[in-house]
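Raw contents of work-v3.txt, compact mmCIF, C-alpha atoms:
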```txt
# COMPACT_ATOMS: atom_id res chain seq x y z
CA MET A 7 182.16 149.53 24.73
CA ILE A 8 183.56 148.64 28.16
CA ARG A 9 180.08 147.81 29.36
CA ASP A 10 179.37 145.56 26.36
CA LEU A 11 182.70 143.75 26.55
CA THR A 12 182.39 143.30 30.31
CA GLN A 13 178.93 141.80 29.93
CA LEU A 14 180.15 139.47 27.18
CA TRP A 15 183.04 138.46 29.42
CA TYR A 16 180.66 137.39 32.15
CA LEU A 17 178.49 135.50 29.66
CA THR A 18 181.55 133.73 28.24
CA TYR A 19 183.29 132.74 31.48
CA ASN A 20 180.49 132.97 34.04
CA GLN A 21 182.58 135.17 36.34
CA GLU A 22 183.42 138.83 36.84
CA LEU A 23 186.60 140.47 35.62
CA SER A 24 189.55 139.98 37.93
CA ASP A 25 193.34 140.17 37.70
CA ILE A 26 194.23 140.54 34.03
CA ASP A 27 196.87 137.80 34.05
CA GLY A 28 194.45 135.34 35.61
CA ASP A 29 191.71 136.42 33.21
CA ILE A 30 193.93 135.90 30.17
CA GLU A 31 194.78 132.42 31.42
CA LEU A 32 191.04 131.78 31.70
CA CYS A 33 190.74 132.48 27.97
CA ARG A 34 192.42 129.14 27.32
CA ARG A 35 188.99 127.64 27.82
CA PHE A 36 188.09 128.66 24.26
CA PHE A 37 191.21 130.05 22.61
CA ASP A 38 193.96 127.56 23.49
CA PRO A 39 195.29 126.19 20.15
CA LEU A 40 195.76 122.81 21.83
CA ALA A 41 192.20 122.54 23.16
CA ARG A 42 190.46 119.32 22.12
CA GLY A 43 187.59 119.63 19.68
CA HIS A 44 185.30 117.56 21.91
CA SER A 45 185.98 119.84 24.89
CA LEU A 46 185.36 122.97 22.81
CA ARG A 47 182.07 121.64 21.47
CA GLU A 48 180.90 120.82 24.97
CA ARG A 49 181.87 124.22 26.35
CA LEU A 50 180.26 126.07 23.44
CA SER A 51 177.03 124.12 23.91
CA GLN A 52 176.81 125.29 27.52
CA LEU A 53 177.07 129.02 26.72
CA PRO A 54 173.97 131.17 27.31
CA ALA A 55 172.40 133.01 24.39
CA THR A 56 173.74 136.54 23.89
CA PRO A 57 171.19 139.32 24.56
CA VAL A 58 169.74 140.92 21.44
CA GLU A 59 171.21 144.37 22.20
CA LEU A 60 174.72 142.90 22.22
CA LEU A 61 174.10 141.01 19.00
CA ARG A 62 173.08 144.28 17.39
CA SER A 63 176.29 146.02 18.42
CA LYS A 64 178.01 144.44 15.40
CA ARG A 65 181.40 144.21 17.09
CA GLY A 66 183.60 141.86 15.14
CA GLU A 67 186.78 139.85 15.39
CA PRO A 68 189.22 139.78 17.01
CA LEU A 69 187.35 141.47 19.88
CA VAL A 70 184.19 139.41 19.57
CA VAL A 71 183.77 135.96 18.02
CA ASN A 72 180.39 134.78 16.75
CA THR A 73 180.09 131.05 17.54
CA GLY A 74 176.73 130.69 15.79
CA GLU A 75 173.25 130.19 17.28
CA ASN A 76 173.13 133.83 18.48
CA THR A 77 176.10 133.39 20.80
CA LEU A 78 179.11 135.70 21.06
CA ILE A 79 182.30 135.13 23.05
CA VAL A 80 185.29 137.29 23.92
CA GLY A 81 188.87 136.42 24.72
CA VAL A 82 192.39 137.76 25.01
CA GLU A 83 192.02 140.84 22.81
CA ALA A 84 188.82 141.96 24.54
CA ARG A 85 190.33 141.55 28.01
CA ILE A 86 193.44 143.54 27.06
CA LEU A 87 191.30 146.30 25.51
CA ILE A 88 189.14 146.55 28.64
CA SER A 89 192.28 147.02 30.71
CA LEU A 90 193.58 149.62 28.26
CA LEU A 91 190.33 151.61 28.24
CA ASP A 92 190.08 151.48 32.03
CA ASP A 93 193.26 153.55 32.20
CA LEU A 94 191.96 156.32 29.93
CA ASP A 95 189.70 159.33 30.47
CA LEU A 96 186.38 158.36 28.90
CA GLU A 97 184.36 161.45 29.80
CA ASP A 98 184.07 162.38 26.12
CA ASN A 99 181.94 160.34 23.75
CA TYR A 100 185.01 159.03 21.96
CA VAL A 101 188.63 158.29 22.69
CA VAL A 102 191.76 158.10 20.56
CA LEU A 103 194.15 155.37 21.61
CA PRO A 104 197.83 156.40 21.48
CA PRO A 105 199.71 154.33 18.87
CA ARG A 106 202.23 153.29 21.52
CA ASP A 107 199.47 151.83 23.72
CA VAL A 108 197.96 150.00 20.75
CA ALA A 109 201.35 148.52 19.86
CA ILE A 110 201.89 147.37 23.46
CA ALA A 111 198.42 145.79 23.56
CA GLU A 112 198.94 143.99 20.25
CA GLY A 113 202.36 142.80 21.42
CA ARG A 114 200.87 141.40 24.60
CA ALA A 115 198.17 139.51 22.72
CA LEU A 116 200.76 138.17 20.28
CA ALA A 117 202.98 137.02 23.16
CA VAL A 118 200.06 135.15 24.74
CA TYR A 119 199.18 133.27 21.56
CA GLN A 120 202.84 132.56 20.84
CA LYS A 121 203.23 131.04 24.30
CA TRP A 122 200.12 128.90 23.88
CA SER A 123 201.01 127.75 20.37
CA ARG A 124 204.47 126.66 21.51
CA ALA A 125 203.20 124.79 24.56
CA ARG A 126 203.24 121.38 22.87
CA LEU A 127 206.67 121.99 21.34
CA ASN A 128 208.06 123.10 24.70
CA GLN A 129 206.52 120.03 26.34
CA VAL A 130 208.16 117.68 23.84
CA ILE A 131 211.52 119.45 24.21
CA ALA A 132 211.27 119.16 27.99
CA LEU A 133 210.48 115.45 27.79
CA ARG A 134 213.33 114.77 25.39
CA SER A 135 215.79 116.63 27.61
CA GLY A 136 214.60 114.98 30.83
CA GLN A 137 213.10 118.21 32.17
CA GLY A 138 209.41 117.35 31.95
CA ARG A 139 207.18 118.09 34.91
CA GLU A 140 206.82 114.39 35.64
CA VAL A 141 209.58 111.82 35.86
CA MET A 142 209.70 108.91 33.44
CA GLN A 143 207.51 106.01 34.55
CA ALA A 144 209.50 103.43 36.53
CA ILE A 145 208.38 100.51 34.36
CA SER A 146 209.63 102.38 31.26
CA VAL A 147 212.98 103.09 32.89
CA GLY A 148 213.27 99.41 33.77
CA LEU A 149 212.42 98.37 30.22
CA VAL A 150 215.17 100.56 28.77
CA ILE A 151 217.67 99.26 31.32
CA ALA A 152 216.71 95.71 30.34
CA LEU A 153 217.53 96.53 26.70
CA LEU A 154 220.88 97.99 27.77
CA ILE A 155 221.70 94.93 29.88
CA ASN A 156 220.81 92.68 26.98
CA ARG A 157 223.31 94.64 24.86
CA SER A 158 220.58 95.37 22.33
CA ASP A 159 222.54 98.22 20.76
CA VAL A 160 222.82 96.97 17.18
CA PRO A 161 220.25 95.33 14.89
CA GLU A 162 222.02 91.97 15.22
CA ARG A 163 221.36 91.99 18.99
CA ALA A 164 217.94 93.60 18.84
CA VAL A 165 214.86 92.29 20.61
CA VAL A 166 212.28 91.21 18.07
CA ARG A 167 208.91 92.87 18.57
CA TRP A 168 206.23 90.48 17.37
CA SER A 169 202.51 90.93 17.65
CA SER A 170 201.45 90.44 21.27
CA GLY A 171 198.75 88.09 19.99
CA SER A 172 201.32 85.56 18.78
CA VAL A 173 202.95 82.91 20.94
CA GLU A 174 206.39 84.32 20.19
CA GLY A 175 205.26 87.85 21.00
CA GLN A 176 203.77 86.82 24.35
CA ARG A 177 206.93 84.95 25.29
CA VAL A 178 209.19 87.90 24.47
CA ASP A 179 206.85 90.43 26.12
CA THR A 180 206.85 88.47 29.37
CA ALA A 181 210.61 88.02 29.37
CA ILE A 182 211.58 91.61 28.64
CA HIS A 183 209.00 93.07 31.06
CA ALA A 184 209.82 90.75 33.96
CA GLY A 185 212.96 92.56 35.08
CA ALA A 186 211.39 95.94 34.40
CA GLU A 187 208.47 95.07 36.67
CA ARG A 188 210.78 94.00 39.51
CA PHE A 189 212.78 97.21 39.14
CA ALA A 190 209.67 99.40 39.11
CA GLY A 191 208.26 97.68 42.18
CA ALA A 192 211.51 98.24 44.06
CA ILE A 193 211.97 101.96 43.38
CA SER A 194 208.37 103.18 43.17
CA LYS A 195 205.95 102.00 45.82
CA SER A 196 203.21 104.35 44.64
CA ARG A 197 203.28 103.45 40.95
CA SER A 198 200.03 102.51 39.24
CA ASN A 199 199.42 98.85 38.51
CA ARG A 200 198.74 98.38 34.83
CA SER A 201 197.08 95.33 33.40
CA MET A 202 199.05 92.52 31.86
CA GLY A 203 197.64 93.69 28.53
CA GLU A 204 199.75 96.80 28.86
CA GLN A 205 202.92 94.72 29.30
CA ARG A 206 203.71 94.29 25.66
CA LEU A 207 206.32 95.70 23.32
CA LYS A 208 203.86 96.32 20.49
CA GLY A 209 201.35 98.95 21.57
CA GLY A 210 202.20 98.65 25.27
CA TYR A 211 202.50 101.59 27.65
CA ALA A 212 206.05 101.03 28.93
CA LEU A 213 207.72 101.12 25.53
CA SER A 214 205.48 103.94 24.29
CA GLU A 215 206.49 106.06 27.27
CA ALA A 216 210.17 105.22 26.74
CA ARG A 217 210.02 106.23 23.08
CA ARG A 218 208.13 109.40 23.96
CA ARG A 219 210.94 110.41 26.31
CA LEU A 220 213.98 109.07 24.49
CA ALA A 221 212.71 109.70 20.95
CA HIS A 222 215.28 108.73 18.30
CA ARG A 223 217.47 107.00 20.88
CA VAL A 224 215.09 104.01 20.95
CA VAL A 225 214.85 102.52 17.47
CA VAL A 226 212.19 100.26 15.98
CA ILE A 227 212.82 99.09 12.42
CA PRO A 228 211.22 96.42 10.21
CA ASN A 229 212.64 92.92 10.46
CA HIS A 230 212.69 91.80 6.85
CA SER A 231 213.20 88.14 7.73
CA ASP A 232 209.70 87.84 9.26
CA ASP A 233 206.70 89.93 10.24
CA GLY A 234 208.26 91.35 13.40
CA GLU A 235 210.23 94.51 14.15
CA LEU A 236 213.68 95.04 15.66
CA LEU A 237 213.89 97.02 18.90
CA TYR A 238 217.24 98.35 20.08
CA ILE A 239 219.18 101.37 21.39
CA PRO A 240 221.92 102.33 18.89
CA ALA A 241 225.39 102.07 20.41
CA LYS A 242 226.12 105.72 19.65
CA TYR A 243 223.28 106.72 22.00
CA LYS A 244 224.07 104.25 24.77
CA GLU A 245 225.94 106.64 27.07
CA GLU A 246 223.44 109.39 26.32
CA VAL A 247 220.56 107.12 27.33
CA ILE A 248 222.32 106.06 30.53
CA SER A 249 222.91 109.71 31.40
CA PHE A 250 219.26 110.54 30.70
CA LEU A 251 218.03 107.70 32.92
CA GLY A 252 220.43 108.58 35.75
CA LYS A 253 219.34 112.21 35.78
CA ASP A 254 215.68 111.29 35.55
CA LEU A 255 215.95 108.83 38.43
CA ALA A 256 217.74 111.48 40.51
CA ARG A 257 214.60 113.63 40.27
CA ARG A 258 212.69 111.12 42.39
CA PRO A 259 212.89 112.61 45.91
CA GLY A 260 212.37 109.34 47.75
CA LEU A 261 214.87 107.32 45.72
CA THR A 262 218.19 106.70 47.48
CA GLU A 263 221.32 105.20 45.98
CA SER A 264 220.79 102.12 48.14
CA LEU A 265 217.21 101.69 46.91
CA LEU A 266 218.32 102.19 43.32
CA SER A 267 221.01 99.53 43.78
CA THR A 268 218.40 97.12 45.13
CA GLY A 269 216.12 97.79 42.18
CA LEU A 270 218.91 97.22 39.68
CA ASP A 271 219.95 93.98 41.39
CA GLN A 272 216.38 92.72 41.25
CA LEU A 273 216.07 93.70 37.59
CA VAL A 274 219.20 91.76 36.66
CA GLU A 275 218.17 88.78 38.79
CA GLU A 276 214.73 88.56 37.19
CA PHE A 277 216.08 89.19 33.71
CA ARG A 278 218.50 86.30 34.04
CA ALA A 279 215.81 84.06 35.52
CA VAL A 280 213.61 84.42 32.45
CA ALA A 281 216.40 84.81 29.89
CA GLY A 282 215.69 81.33 28.60
CA ARG A 283 212.52 82.61 26.97
CA LEU A 284 214.62 84.99 24.91
CA ALA A 285 217.40 82.47 24.36
CA HIS A 286 214.89 80.23 22.58
CA GLU A 287 214.49 83.03 20.05
CA SER A 288 218.26 83.78 19.96
CA MET A 289 217.77 87.15 21.64
CA VAL A 290 219.86 86.83 24.82
CA PHE A 291 223.16 88.74 24.65
CA GLU A 292 223.72 89.73 28.28
CA ARG A 293 227.28 89.48 29.60
CA SER A 294 228.19 89.94 33.26
CA ALA A 295 231.04 92.38 32.61
CA ASP A 296 228.88 94.60 30.39
CA THR A 297 226.00 94.46 32.84
CA ARG A 298 228.28 95.62 35.67
CA ALA A 299 229.51 98.46 33.47
CA VAL A 300 225.97 99.61 32.68
CA ILE A 301 224.95 99.53 36.34
CA LYS A 302 228.11 101.37 37.39
CA SER A 303 227.59 104.12 34.79
CA LEU A 304 223.91 104.48 35.64
CA THR A 305 224.62 104.70 39.37
CA SER A 306 227.36 107.27 38.76
CA GLU A 307 225.04 109.43 36.66
CA PHE A 308 222.39 109.19 39.38
CA THR A 309 224.85 110.19 42.12
CA LEU A 310 226.31 113.06 40.10
CA ALA A 311 222.87 114.45 39.22
CA ARG A 312 221.75 114.21 42.84
CA GLN A 313 224.87 116.05 44.02
CA GLU A 314 224.37 118.81 41.45
CA SER A 315 220.78 119.32 42.55
CA ASP A 316 221.65 119.61 46.27
```
File written out as structure tokens:
Amino acid sequence: MIRDLTQLWYLTYNQELSDIDGDIELCRRFFDPLARGHSLRERLSQLPATPVELLRSKRGEPLVVNTGENTLIVGVEARILISLLDDLDLEDNYVVLPPRDVAIAEGRALAVYQKWSRARLNQVIALRSGQGREVMQAISVGLVIALLINRSDVPERAVVRWSSGSVEGQRVDTAIHAGAERFAGAISKSRSNRSMGEQRLKGGYALSEARRRLAHRVVVIPNHSDDGELLYIPAKYKEEVISFLGKDLARRPGLTESLLSTGLDQLVEEFRAVAGRLAHESMVFERSADTRAVIKSLTSEFTLARQESD
């Protein structure tokens, strides 16, 4: 059995057995629940045909999986069993596995699949809590700050999200993204330059990234008075959003408090310069006192988070 499973392992992964932890991780190639269908089809199509003698062995799941077209693959269970058998005396023609060893092996396989199946959930939780592997994109941070500065925290002061193909939509998109772009350029010199087509509230990257991170804290609801939608950050989440942004910004190693202050100043300056485009649509609600309060709170959260991480 060890010989058959070892040969199938090589045919499946095109490499010899190695460290068991590394080998189990390699099994993601075919057994990761989050693997894309296109990727799986491509990988399966590149597998070599299984030798006839192995096809005749009639070993079944979960040790061996028949993918069709005379091709067998092995994964987590097979690798764990190989390791288990390697530790036993196989001089006789048969072996009886101790129930305790079987239970440990099954528990290990279950733990692996549980970890893989929860990967997406854990990723979403990490993003929502500001603990994702990557920081929030600077343009998205700037966009959220622009909404806060505009006091868009109730439906009555929301920014209307029209289709980017309409004149109104283009005007609003340009206005709301202007300050965000200045902010992003100031704090992130290495950021990717996205096309102007991405700078839109409906279907654009910046807002999509912000909603992915902030989830329910960024609200989009139908605007029943026309065909647009209302975009705002509910007042009850305002401080929570500011705290999230401050902590996320503090994770940028090259961002100093001075550089952050410059970026915020440029955001406000640009926002006010183009505010007329929103005023035409009755969507400008910025007030100097409230803007100063937002910037002060955001800077304080940044400084506190940076101190806690040192």
re CA of Ala186 in chain A and CA of Leu251 in chain A: distance 13.6 Å
May I ask which of the residues A:Glu112, A:Glu140, A:Glu59, A:Asp92 is the closest one to Asn76 in chain A, counting all atoms listed in the file?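 For Asn76 in chain A, the nearest of the given residues is A:Glu59.
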Using all atoms listed in the file, the residue out of A:Asp296, A:Glu67, A:Asp159, A:Glu31 with shortest distance to Lys121 in chain A is A:Glu31
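The coordinates place CA of Phe37 in chain A at 7.1 Å from CA of Gly81 in chain A.
A straight line drawn from CA of Ile239 in chain A to CA of Val224 in chain A is 4.9 Å long.
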Mind listing as a short mmCIF file (atom, residue, chain, number, x, y, z; two decimals) with C-alpha atoms, in the frame of the given file all residues within 7 Å of (183.1, 144.8, 20.6), counting only C-alpha atoms?
```
data_model
loop_
_atom_site.label_atom_id
_atom_site.label_comp_id
_atom_site.auth_asym_id
_atom_site.auth_seq_id
_atom_site.Cartn_x
_atom_site.Cartn_y
_atom_site.Cartn_z
CA MET A 7 182.16 149.53 24.73
CA ASP A 10 179.37 145.56 26.36
CA LEU A 11 182.70 143.75 26.55
CA ARG A 65 181.40 144.21 17.09
CA GLY A 66 183.60 141.86 15.14
CA LEU A 69 187.35 141.47 19.88
CA VAL A 70 184.19 139.41 19.57
#
```
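Close contacts of range 274-282 of chain A, defined as residues with an atom at most 9 Å away when counting only C-alpha atoms, with chain neighbours fewer than 5 positions off set aside, comprise A:Ala152, A:Ile155, A:Asn156, A:Thr180, A:Ala181, A:Ile182, A:His183, A:Ala184, A:Gly185, A:Ala186, A:Arg188, A:Phe189, A:Gly269, A:Glu287, A:Met289, A:Val290, A:Glu292, A:Thr297.
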The residue from A:Ser294, A:Gln137, A:Thr12, A:Thr262 with the smallest atom-to-atom distance to Arg312 in chain A, counting all atoms listed in the file, is A:Thr262
For this session: Give the answer as one residue: which of A:Asp27, A:Arg134, A:Phe36, A:Arg139 has the shortest atom-to-atom distance to Ser89 in chain A, using all atoms listed in the file?
Result: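 Checking each candidate against Ser89 in chain A, we get A:Asp27 as the closest.
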Determine the nearest neighbour of Pro228 in chain A from the options A:Arg167, A:Arg35, A:Lys253, A:Lys244, counting only C-alpha atoms.
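Comparing A:Arg167, A:Arg35, A:Lys253, A:Lys244 against Pro228 in chain A, the winner is A:Arg167.
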Return as JSON the centre and edge lengths, in Å with one decimal, of the box along x, y and z that encloses every atom of range 106-114 of chain A in the file, padded by 8 Å per side.
```
{"center_x": 200.2, "center_y": 147.3, "center_z": 22.2, "size_x": 20.4, "size_y": 27.9, "size_z": 20.7}
```
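Ranking A:Val160, A:Arg218, A:Leu265, A:Arg293 by their shortest atom-to-atom distance to Lys242 in chain A, with all atoms listed in the file included, puts A:Val160 first.
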query: Do you know which residues are at most 9 Å from Val147 in chain A counting all atoms listed in the file, after dropping those on the same chain fewer than 2 positions away, and could you put them as a PyMOL selection string?
result: chain A and resi 142-145+149-152+186+189-190+212+216+251+255
Fill in: Contacts of Leu46 in chain A within 12 Å, only C-alpha atoms, excl. fewer than 4 positions in-chain, as number ranges by chain
A: 34-42, 50-53, 73
_Using all atoms listed in the file, which protein or nucleic acid residues come within 9 Å of Thr309 in chain A? Drop anything in the same chain fewer than 4 positions from it, and give the result as an MDAnalysis selection string._
chainID A and resid 252:253 256 263 304:305 313:314
Notebook entry, point to check: What lies within 10 Å of Pro240 in chain A using all atoms listed in the file, ignoring chain neighbours under 3 positions off, as a ChimeraX atom specification?
Noted result: /A:154,157-161,164,222-225,237,243-244,247
